Amino acid sequence: MWTVVGDLGLLGNDLRVELSEMGLDFKGFNRSNLDLDLPAEDIANYFDSSKVVVNAVAFTNVDASEHESERANLVNGHYPGKLALAAAIAGAHFVHISTDYVFSGEASTPYSVADEPYPKTAYGASKLLGERLVAGATEDYTTFRTSWLYGKNGKCFPKAVAHKLSSGEGVQVVNDQVGSPTWSRDLAKLIISHDYSSKNHLVHATSQGSCSWFEFAKEIAWSMGFNADELVQPIASADLENAAPRPKYSVLDLSSTTNPIGNWRERWVASADEILGSTH
């Protein structure tokens with residue numbers, strides 16, 4: 001039995017779809033049927049008979065986290081720690097989702113699981129807090145770090161770009177931030193198929209390869225039948241006024257991944273119809 005906490009979100013929805021298609025039993029929880037402010041001992045009752053509990057709950061607004069750090073720390077830090085403890089009480093393996101933002105973003109080669117985290121944002125700090133509280137609550141856990149996640153359900157970069165292009169607008173996109181776009185369905189499949197007997201507590205889980213946001217936006221435009229060279233223009237990060245700085249380079253080393261996802265461009269082609277169809 002699988003349990004997905006946050007089953008209505010971008011990743012949670014895809015976990016439900018994949019588990020259902022694979023014929024695996026699962027339970028789904030969200031704010032309508034599980035109060036995360038309950039004590040861990042009470043939450044553990046909801047995980048009865050679960051073999052794996054996946055925490056797909058997150059506060060992902062990077063800029064808002066700068067002035068809502070308490071909320072970010074609660075949702076991304078303290079709730080995961082409590083859920084991990086509840087899973088341990090219930091005798092279930094706990095799966096947590098983290099992010100490339102736990103690193104500084106100042107590297108020039110992919111970050112490995114052995115590299116020391118050094119977040120530069122309140123969001124990244126809250127996600128690192130979650131990693132550490134999970135590790136302190138149970139020994140039976142796996143944390144998957146992912147990046148640039150997009151999917152059919154919820155807000156994501158491809159939808160934002162598609163909306164502007166569909167409205168007849170061009171888009172200006174930064175060309176000096178590099179990462180690995182990752183389809184949430186691919187991540188869901190990786191989580192479900194992962195070999196949890198390996199006892200690797202940290203796993204980097206993104207698509208292979210990397211690009212800038214500008215390059216990704218051009219691929220989105222081409223997928224929609226637009227002339228990307230005309231409608232997608234590069235700008236520098238310094239030209240934007242974001243509350244939180246973005247990592248310049250946040251590619252993750254995937255040697256810890258036993259079943260790696262394919263190249264980001266090939267996976268975008270595979271996902272485009274599903275993602276872009278959900279924008280209309």
# chains A, B, ... in the order shown; residues from 1 in each chain; ligands from 1
>>> residues_around(residues="A:Asn200", least_positions_apart="2", cutoff="9 Å", atoms="only C-alpha atoms", output="PDB file with N, CA and C atoms, in the first residue's frame")
ATOM      1  N   TYR A 141      14.180   6.223   5.174  1.00  0.00           N
ATOM      2  CA  TYR A 141      13.679   7.296   4.307  1.00  0.00           C
ATOM      3  C   TYR A 141      14.521   7.414   3.045  1.00  0.00           C
ATOM      4  N   THR A 142      13.947   8.052   2.030  1.00  0.00           N
ATOM      5  CA  THR A 142      14.658   8.435   0.818  1.00  0.00           C
ATOM      6  C   THR A 142      14.234   9.843   0.447  1.00  0.00           C
ATOM      7  N   THR A 143      15.194  10.725   0.246  1.00  0.00           N
ATOM      8  CA  THR A 143      14.911  12.083  -0.214  1.00  0.00           C
ATOM      9  C   THR A 143      15.345  12.212  -1.664  1.00  0.00           C
ATOM     10  N   TYR A 196      14.058   0.632  -3.080  1.00  0.00           N
ATOM     11  CA  TYR A 196      14.213   1.178  -1.735  1.00  0.00           C
ATOM     12  C   TYR A 196      15.036   0.277  -0.821  1.00  0.00           C
ATOM     13  N   SER A 197      15.417  -0.878  -1.294  1.00  0.00           N
ATOM     14  CA  SER A 197      16.288  -1.740  -0.489  1.00  0.00           C
ATOM     15  C   SER A 197      17.736  -1.273  -0.560  1.00  0.00           C
ATOM     16  N   SER A 198      18.018  -0.343  -1.476  1.00  0.00           N
ATOM     17  CA  SER A 198      19.398   0.130  -1.647  1.00  0.00           C
ATOM     18  C   SER A 198      19.874   0.981  -0.480  1.00  0.00           C
ATOM     19  N   LEU A 202      19.814   9.779  -0.098  1.00  0.00           N
ATOM     20  CA  LEU A 202      19.722  10.925  -0.987  1.00  0.00           C
ATOM     21  C   LEU A 202      19.856  10.479  -2.431  1.00  0.00           C
ATOM     22  N   VAL A 203      18.900  10.895  -3.270  1.00  0.00           N
ATOM     23  CA  VAL A 203      18.919  10.547  -4.690  1.00  0.00           C
ATOM     24  C   VAL A 203      18.613  11.805  -5.494  1.00  0.00           C
ATOM     25  N   SER A 256      23.620   8.905  -8.574  1.00  0.00           N
ATOM     26  CA  SER A 256      22.921   8.235  -7.478  1.00  0.00           C
ATOM     27  C   SER A 256      21.598   7.612  -7.931  1.00  0.00           C
TER      28      SER A 256
END
>>> select_by_dssp(residues="stretch 51-253 of chain A", states="helix (DSSP H, G or I)", output="VMD selection string")
chain A and resid 62 to 67 69 to 90 100 to 102 122 to 137 157 to 166 184 to 193 196 to 198 213 to 223 228 to 231 237 to 239
>>> write_last_selection(atoms="C-alpha atoms", output="compact mmCIF listing (two decimals), in the first residue's frame")
# COMPACT_ATOMS: atom_id res chain seq x y z
CA VAL A 62 10.36 31.09 -4.07
CA ASP A 63 9.84 34.86 -3.86
CA ALA A 64 7.02 34.70 -1.29
CA SER A 65 9.23 32.54 0.93
CA GLU A 66 11.53 35.52 1.44
CA HIS A 67 8.85 37.35 3.44
CA SER A 69 9.80 32.29 5.89
CA GLU A 70 7.82 30.98 8.86
CA ARG A 71 5.22 29.48 6.52
CA ALA A 72 7.92 28.08 4.24
CA ASN A 73 9.73 26.51 7.21
CA LEU A 74 6.49 25.02 8.50
CA VAL A 75 5.36 23.48 5.22
CA ASN A 76 8.76 22.57 3.77
CA GLY A 77 10.53 21.79 7.04
CA HIS A 78 8.48 20.95 10.10
CA TYR A 79 5.62 19.14 8.35
CA PRO A 80 7.99 16.75 6.53
CA GLY A 81 9.78 16.01 9.80
CA LYS A 82 6.47 15.23 11.48
CA LEU A 83 5.29 13.10 8.56
CA ALA A 84 8.55 11.17 8.60
CA LEU A 85 8.09 10.45 12.30
CA ALA A 86 4.50 9.36 11.67
CA ALA A 87 5.67 7.03 8.90
CA ALA A 88 8.28 5.55 11.26
CA ILE A 89 5.61 4.93 13.90
CA ALA A 90 3.46 3.22 11.26
CA ASP A 100 18.23 21.95 -6.32
CA TYR A 101 17.75 25.16 -4.30
CA VAL A 102 19.50 23.57 -1.31
CA ALA A 122 14.63 31.32 2.29
CA TYR A 123 12.94 28.70 0.10
CA GLY A 124 16.15 26.69 -0.24
CA ALA A 125 16.79 26.98 3.49
CA SER A 126 13.29 25.70 4.26
CA LYS A 127 13.79 22.71 1.97
CA LEU A 128 17.15 21.93 3.57
CA LEU A 129 15.47 22.15 6.98
CA GLY A 130 12.99 19.54 5.72
CA GLU A 131 15.79 17.24 4.59
CA ARG A 132 17.46 17.44 7.99
CA LEU A 133 14.30 17.02 10.04
CA VAL A 134 13.32 13.98 7.97
CA ALA A 135 16.77 12.46 8.52
CA GLY A 136 16.44 13.12 12.23
CA ALA A 137 13.00 11.54 12.48
CA PHE A 157 7.03 27.37 -16.46
CA PRO A 158 5.77 25.82 -19.72
CA LYS A 159 2.19 26.89 -18.97
CA ALA A 160 3.27 30.44 -18.20
CA VAL A 161 5.22 30.67 -21.46
CA ALA A 162 2.39 29.07 -23.43
CA HIS A 163 -0.16 31.49 -21.98
CA LYS A 164 1.84 34.51 -23.10
CA LEU A 165 2.50 33.12 -26.55
CA SER A 166 -1.16 32.17 -27.00
CA SER A 184 6.48 15.42 -12.94
CA ARG A 185 5.16 12.18 -14.48
CA ASP A 186 8.72 11.03 -15.08
CA LEU A 187 9.57 11.84 -11.47
CA ALA A 188 6.48 9.97 -10.28
CA LYS A 189 7.52 6.89 -12.27
CA LEU A 190 11.05 7.08 -10.90
CA ILE A 191 9.77 7.30 -7.31
CA ILE A 192 7.48 4.30 -7.76
CA SER A 193 10.09 2.13 -9.47
CA TYR A 196 14.21 1.18 -1.74
CA SER A 197 16.29 -1.74 -0.49
CA SER A 198 19.40 0.13 -1.65
CA TRP A 213 15.31 28.87 -19.20
CA PHE A 214 15.67 30.69 -22.53
CA GLU A 215 16.47 27.47 -24.37
CA PHE A 216 13.55 25.71 -22.68
CA ALA A 217 11.17 28.53 -23.62
CA LYS A 218 12.25 28.23 -27.27
CA GLU A 219 11.47 24.51 -27.23
CA ILE A 220 8.02 25.31 -25.82
CA ALA A 221 7.41 27.87 -28.55
CA TRP A 222 8.46 25.46 -31.30
CA SER A 223 6.13 22.82 -29.84
CA ALA A 228 10.75 30.80 -31.38
CA ASP A 229 13.56 32.87 -32.89
CA GLU A 230 11.15 35.79 -33.32
CA LEU A 231 9.00 35.48 -30.19
CA SER A 237 18.88 37.72 -14.54
CA ALA A 238 20.05 41.17 -13.46
CA ASP A 239 17.21 42.65 -15.55
>>> select_by_dssp(residues="stretch 38-269 of chain A", states="strand (DSSP E)", output="PyMOL selection string")
chain A and resi 52-55+93-99+141-146+149-150+171-174+178-179+182-183+202-204+211-212+232-235
>>> write_last_selection(atoms="C-alpha atoms", output="compact mmCIF listing (two decimals), in the first residue's frame")
# COMPACT_ATOMS: atom_id res chain seq x y z
CA VAL A 52 5.63 3.67 1.48
CA VAL A 53 4.51 7.18 2.42
CA VAL A 54 5.33 9.92 -0.09
CA ASN A 55 5.32 13.54 1.02
CA HIS A 93 9.31 3.87 4.38
CA PHE A 94 9.19 7.65 4.00
CA VAL A 95 9.81 9.43 0.69
CA HIS A 96 10.53 13.14 0.70
CA ILE A 97 10.90 15.54 -2.25
CA SER A 98 13.57 18.22 -2.12
CA THR A 99 15.16 20.63 -4.57
CA TYR A 141 13.68 7.30 4.31
CA THR A 142 14.66 8.44 0.82
CA THR A 143 14.91 12.08 -0.21
CA PHE A 144 14.69 12.80 -3.93
CA ARG A 145 16.12 16.13 -5.03
CA THR A 146 14.64 17.35 -8.28
CA LEU A 149 9.55 20.54 -12.23
CA TYR A 150 6.64 20.95 -14.64
CA VAL A 171 8.41 36.49 -24.05
CA GLN A 172 11.70 37.56 -22.54
CA VAL A 173 13.44 34.75 -20.69
CA VAL A 174 16.71 34.61 -18.76
CA VAL A 178 21.05 26.66 -16.17
CA GLY A 179 19.24 23.57 -14.91
CA THR A 182 11.87 17.61 -15.29
CA TRP A 183 8.40 16.28 -16.11
CA LEU A 202 19.72 10.92 -0.99
CA VAL A 203 18.92 10.55 -4.69
CA HIS A 204 19.17 13.19 -7.39
CA CYS A 211 19.66 24.07 -20.63
CA SER A 212 18.87 27.68 -19.80
CA VAL A 232 11.44 34.34 -27.49
CA GLN A 233 14.15 36.82 -26.55
CA PRO A 234 16.99 36.39 -24.04
CA ILE A 235 17.52 38.67 -21.04
>>> atom_distance(atom1="atom CA of A:Leu15", atom2="atom CA of A:Gln177")
28.5 Å
>>> closest_residue(among="A:Pro181, A:Ile275, A:Gly170, A:Val113", to="A:Lys155", atoms="only C-alpha atoms")
A:Ile275
>>> residues_around(residues="A:Ser108", least_positions_apart="5", cutoff="10 Å", atoms="only C-alpha atoms", output="number ranges by chain")
A: 178, 248-251
